[in-house]
Amino acid sequence: MNCSIRSPLRRSLLPFLFLLLLAPLTNAADTDRLDALRIADGVWFLPGDSSKGYCNNVVIEMKDYLIVVDANYPGRARELVRDIHRLSPKPVLFVFDTHAHRDHAYGNIIWTNAGATTFAYEGVVDEMNRYEPQRWLATAAEREDVRSLQLTDAPRPELTFRTSPFILKDGTREVQFWFLGWAHTRGDGFVWLPKERILCTGDAAVNGPRNKLWDANIANWPQVLARAEQFHPLHVLPGHGDAGGPEILEGQRTFLSDLYNAVKAQVDNGRTLSQLSMSLTDRDRNWAPRDLSTDFAITYSEITQHQPAGDIPHVWK
């Protein structure tokens, strides 16, 4: 297991454990304000408010601390820092960024200011170094929660790992963090709980037509999801959309395969972008947007330029 510290502010766990001893015991958690869905003992799925652009979060309870999956936007991060004690009085020690996109990582500084360590697969930092600070500045112009931080660049995760799996474990639970290949982004991270058979997918697999393709490797993405299916999860917790089971992995994989294959066949037959079409099957419908023109354009660019979409100069919208 190889890891590297991205910040000199490496924190000791001892102060948090001391605070934990002082924390009062609570009765059964009132999860109403968090809209939390209990997936297993000590594992909660927190749907994001799509009207505010928030992603979903997952909270994992260890013996002495909590792990949060995805930093989210600053506004949602503030809400969780304020209310997460309703799930457990234990401190949040680690926040895992599944990838570099703003709705999953721009809340990093809120968590670090609250005492947690943010971490990710090293490809997340590579993506941020590639696209920031342009995306941060554009988002700050649109969103008050980002603008209020008065920063000129996106805070990177403090800790990164290179070799999968990176593992956090204690006498209560084992949590594995995996990179399975370039899919939605170069840095997609999966969170796997082997005992509970719970898989958190970030945006490598979402539930519904909620994905964007510009930073992707569309040809490779279905292969990554096929590897994720080999975990044989009982529960799949996506970055957007409702929680479910392995059908989320299969649905996302088959739609992307069908999209790529349809565009590739038409390109091979000499069709231009304006001539592309696709007949949706029942298995595609949950993941296909009503207007496929953007997906066609990005897939067409990847195929005709013979490189992943994420390597083609583009503007994220």
# chains A, B, ... in the order shown; residues from 1 in each chain; ligands from 1
>>> residues_around(residues="Gly202 in chain A", least_positions_apart="2", cutoff="6 Å", atoms="only C-alpha atoms", output="number ranges by chain")
A: 98, 204, 238-239
>>> write_last_selection(atoms="C-alpha atoms", output="short mmCIF file (atom, residue, chain, number, x, y, z; two decimals), in the first residue's frame")
data_model
loop_
_atom_site.label_atom_id
_atom_site.label_comp_id
_atom_site.auth_asym_id
_atom_site.auth_seq_id
_atom_site.Cartn_x
_atom_site.Cartn_y
_atom_site.Cartn_z
CA THR A 98 -14.75 9.72 -4.92
CA ALA A 204 -18.86 5.97 -11.84
CA PRO A 238 -24.53 5.91 -6.10
CA GLY A 239 -23.32 9.50 -6.14
#
>>> closest_atom_pairs(of="range 59-81 of chain A", to="range 184-199 of chain A", cutoff="12 Å", atoms="only C-alpha atoms", output="JSON lines")
{"residue": "A:Val59", "atom": "CA", "partner": "A:Val191", "partner_atom": "CA", "distance": 11.3}
{"residue": "A:Ile60", "atom": "CA", "partner": "A:Leu193", "partner_atom": "CA", "distance": 9.5}
{"residue": "A:Glu61", "atom": "CA", "partner": "A:Leu193", "partner_atom": "CA", "distance": 11.5}
{"residue": "A:Met62", "atom": "CA", "partner": "A:Leu193", "partner_atom": "CA", "distance": 11.6}
{"residue": "A:Ile67", "atom": "CA", "partner": "A:Val191", "partner_atom": "CA", "distance": 10.8}
{"residue": "A:Val68", "atom": "CA", "partner": "A:Val191", "partner_atom": "CA", "distance": 10.6}
{"residue": "A:Val69", "atom": "CA", "partner": "A:Val191", "partner_atom": "CA", "distance": 8.1}
{"residue": "A:Asp70", "atom": "CA", "partner": "A:Gly189", "partner_atom": "CA", "distance": 10.2}
>>> select_by_dssp(residues="range 178-286 of chain A", states="strand (DSSP E or B)", output="list in words")
Trp178, Phe190, Val191, Trp192, Leu193, Ile198, Leu199, Cys200, Thr201, Gly202, His235, Val236, Leu237, Pro238 and Gly244 of chain A
>>> closest_residue(among="A:Ile109, A:Trp178, A:Phe96, A:Asp126", to="Leu151 in chain A", atoms="only C-alpha atoms")
A:Ile109
>>> closest_residue(among="A:Leu259, A:Val146, A:Ala100, A:Leu46", to="Ala288 in chain A", atoms="only C-alpha atoms")
A:Leu259
>>> closest_residue(among="A:Phe166, A:Trp182, A:Trp111, A:Tyr73", to="Glu127 in chain A", atoms="only C-alpha atoms")
A:Trp182
>>> select_by_dssp(residues="range 26-254 of chain A", states="alpha helix (DSSP H)", output="MDAnalysis selection string")
chainID A and resid 74:83 102:105 108:113 122:131 134:142 144:147 221:229 247:254
>>> residues_around(residues="range 274-276 of chain A", least_positions_apart="6", cutoff="8 Å", atoms="only C-alpha atoms", output="PyMOL selection string")
chain A and resi 263+266+296
>>> atom_distance(atom1="CA of Tyr54 in chain A", atom2="CA of Leu213 in chain A")
18.3 Å
>>> atom_distance(atom1="CA of Thr304 in chain A", atom2="CA of Asp258 in chain A")
17.2 Å
>>> residues_around(residues="range 247-256 of chain A", least_positions_apart="5", cutoff="7 Å", atoms="only C-alpha atoms", output="VMD selection string")
chain A and resid 205 to 207 222 225 229 236 283 to 284 287
>>> closest_residue(among="A:Arg173, A:Lys264, A:Arg162, A:Arg156", to="Gly42 in chain A", atoms="only C-alpha atoms")
A:Arg173
>>> residues_around(residues="Ala120 in chain A", least_positions_apart="2", cutoff="9 Å", atoms="only C-alpha atoms", output="number ranges by chain")
A: 95-99, 118, 122-125, 157-161, 177, 187-189
>>> write_last_selection(atoms="C-alpha atoms", output="PDB file, in the first residue's frame")
ATOM      1  CA  VAL A  95     -13.682  12.230   4.273  1.00  0.00           C
ATOM      2  CA  PHE A  96     -13.143  10.379   0.985  1.00  0.00           C
ATOM      3  CA  ASP A  97     -13.496  12.222  -2.336  1.00  0.00           C
ATOM      4  CA  THR A  98     -14.753   9.721  -4.924  1.00  0.00           C
ATOM      5  CA  HIS A  99     -13.606  12.091  -7.682  1.00  0.00           C
ATOM      6  CA  THR A 118      -9.681  14.444   3.366  1.00  0.00           C
ATOM      7  CA  GLU A 122      -4.076  10.124  -6.475  1.00  0.00           C
ATOM      8  CA  GLY A 123      -5.913  10.612  -9.781  1.00  0.00           C
ATOM      9  CA  VAL A 124      -8.267  13.036  -8.023  1.00  0.00           C
ATOM     10  CA  VAL A 125      -5.403  15.438  -7.374  1.00  0.00           C
ATOM     11  CA  PRO A 157      -7.499  16.178  -0.588  1.00  0.00           C
ATOM     12  CA  GLU A 158      -4.732  16.018   2.002  1.00  0.00           C
ATOM     13  CA  LEU A 159      -3.932  12.330   1.687  1.00  0.00           C
ATOM     14  CA  THR A 160      -3.728  10.236  -1.481  1.00  0.00           C
ATOM     15  CA  PHE A 161      -3.127   6.582  -2.204  1.00  0.00           C
ATOM     16  CA  PHE A 177     -11.008   2.113  -1.109  1.00  0.00           C
ATOM     17  CA  GLY A 187      -9.613   9.397 -10.387  1.00  0.00           C
ATOM     18  CA  ASP A 188     -12.832   7.465  -9.733  1.00  0.00           C
ATOM     19  CA  GLY A 189     -12.765   5.844  -6.312  1.00  0.00           C
TER      20      GLY A 189
END
>>> closest_residue(among="A:Ile303, A:Glu174, A:Ile39, A:Tyr65", to="Gly245 in chain A", atoms="only C-alpha atoms")
A:Ile39
>>> residues_around(residues="range 131-142 of chain A", least_positions_apart="3", cutoff="6 Å", atoms="only C-alpha atoms", output="VMD selection string")
chain A and resid 128 146 to 147 153 to 154
>>> write_last_selection(atoms="C-alpha atoms", output="mmCIF file, in the first residue's frame")
data_model
loop_
_atom_site.group_PDB
_atom_site.id
_atom_site.type_symbol
_atom_site.label_atom_id
_atom_site.label_comp_id
_atom_site.auth_asym_id
_atom_site.auth_seq_id
_atom_site.Cartn_x
_atom_site.Cartn_y
_atom_site.Cartn_z
ATOM 1 C CA MET A 128 -7.696 19.002 -9.992
ATOM 2 C CA VAL A 146 -18.273 28.404 -2.914
ATOM 3 C CA ARG A 147 -17.836 32.158 -3.213
ATOM 4 C CA ASP A 153 -8.393 27.569 -5.976
ATOM 5 C CA ALA A 154 -10.004 24.262 -5.031
#
>>> closest_residue(among="A:His104, A:Arg130, A:Phe231, A:Asn220", to="Ser257 in chain A", atoms="only C-alpha atoms")
A:Asn220
>>> atom_distance(atom1="CA of Gly53 in chain A", atom2="CA of Ala114 in chain A")
22.3 Å
